[in-house]
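Before any comments, here is the structure.
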Amino acid sequence: MKESKQILAVKLKHLQDMEGTSMDLDLWTEKYRPPSLSGIIGQESVIDSLKKFVENKVVPHCLFTGPPGTSKTTAAMAMARDFFGDSFERNFMELNASDERGIDVVRNQIKNFARTMPSGNAPFKILVLDEADHLTSDAQHALRRTMESYAASCRMVLICNYSSRIIPPIQSRCAIFRFSKLSEDDISGRLKFVAKKENVDLAPTGIEAILYLTEGDMRAALNLLQAASSTGEKVTDEVVYSISGRANPESVRQMLIDAHKGRYVDSLDSLRDLIYRQGVSPIDLVKQMHREVDSLGLEPHKRMVILEHTAEIEFRVGEGANGEIQLASLLARIGTGSDSVE
Ligand SMILES: Nc1ncnc2c1ncn2[C@@H]1O[C@H](COP(=O)(O)OP(=O)(O)O)[C@@H](O)[C@H]1O
Ligand SMILES: [Mg+2]
């Protein structure tokens with residue numbers, strides 16, 4: 001009896017541990033995905049139009065385009081949920097075209113869903129086709145016919161990064177909504193909100209770093225916050241840069257300034273420190289250098305030369321050339337012509 005109690009205790013502990021880990025593993029991007037249009041931050045004009053569709057019970061076929069992490073999938077699902085209410089599950093389907101890109105997915109799954117009547121009092125169903133630009137051209141043509149034939153029973157929301165990859169006949173049948181990158185205020189507001197909910201100590205420098213690295217992508221920002229907070233430390237710029245394997249822009253800027261002012265040895269030391277001690281990959285570093293070139297205040301001609309050389313270096317590093325050698329040559333080029341050699 002005693003033994004079995006002990007076993008039970010061990011099991012319980014194990015379960016609690018499991019629960020702990022599975023909860024920690026929960027992705028904050030999913031946990032904090034706004035379920036309703038009213039919870040979506042930013043993208044005001046798009047969201048206003050979608051709210052009108054819901055209010056008026058009229059939803060056209062839609063095409064959502066824009067960069068990753070800018071609320072496209074969230075908005076499509078939220079619109080459907082607001083629209084259907086309780087009958088959401090029965091009248092909504094989401095497919096991801098990057099899994100199956102061929103014509104079969106249109107002929108089978110999409111057609112089968114689209115042609116059956118909506119359930120409950122819903123006037124039509126809604127099908128969200130994520131990453132629709134991954135569909136082959138044949139599949140897109142078949143999709144166009146399906147959209148037309150079953151428009152009465154099913155409205156489609158197609159989502160893609162680039163609308164130019166969607167065939168024109170589909171584009172012309174859709175209301176097109178362009179999602180832009182989220183503003184720094186919107187992202188930092190959301191980061192603070194989630195940090196508070198999750199009891200994360202988020203320093204202002206940590207927010208700055210996340211904004212710098214994620215450039216308007218809310219998904220990337222939340223993922224970075226979650227990864228940085230899993231260290232258990234206060235989330236500062238240092239933690240964020242080290243967990244993302246990227247350089248602090250300050251140190252990149254200083255390295256470029258050193259090169260520009262002729263302090264070539266210092267700038268080479270920084271380069272080695274970044275690559276070998278901090279583990280920043282040369283390809284990321286060249287991109288960051290490109291971003292910081294402006295801060296040097298170079299005269300226009302030299303700036304052009306440096307930007308051109310940067311592009312060349314990025315290509316070479318991408319092709320597998322030695323990162324240290326390539327980036328050192330870029331620093332040398334930046335220093336060329338500077339008179340104050342130390
Ligand atoms: N406007 C927003 N307000 C609040 N959270 C957002 C917003 N946009 C994106 N997110 C968060 O980022 C995640 C990714 O957004 P998603 O809509 O899937 O981006 P995508 O544009 O790539 O489809 C969501 O799960 C949600 O947590
Ligand atoms: Mg998406």
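Here, A, B, ... name the chains of the structure tokens in the order displayed, residue numbers run from 1 inside each chain, and ligands are numbered from 1 in the same displayed order.
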Excluding Asp201 (chain A) and residues on its chain fewer than 2 positions from it, collect all residues at most 7 Å away from it, counting only C-alpha atoms, and give them as a list in words. Ala195, Asn199, Ala203, Lys234 and Val235 of chain A
Can you pull out every residue with an atom within 10 Å of ligand 2? Use only C-alpha atoms and all ligand atoms and format it as a PyMOL selection string. chain A and resi 64-76+96+129-131+159-161+219
Counting only C-alpha atoms, the residue of A:Ala247, A:Val293, A:Leu202, A:Ala122 that sits nearest Gln226 (chain A): A:Leu202
Provide the CA of Gly337 (chain A) to CA of Ser267 (chain A) distance in Å, to one decimal place. 15.8 Å
Near region 29-42 of chain A, within 12 Å and counting only C-alpha atoms, which residues show up once chain neighbours fewer than 5 positions away are dropped, as number ranges by chain? A: 23-24, 47-55, 69-85, 88, 179-191, 193-195, 197-198, 216-227
With distances taken over only C-alpha atoms and all ligand atoms, which of A:Met93, A:Ala175, A:Val317, A:Leu27 is nearest to ligand 1? A:Leu27
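Nearest to ligand 1 of all the residues A:Val157, A:Ala259, A:Ile306, A:Val200 is A:Val157, based on only C-alpha atoms and all ligand atoms.
When CA of Ala139 (chain A) is paired with atom 18 (O, counted along the ligand's line) of ligand 1, their separation reads 23.7 Å.
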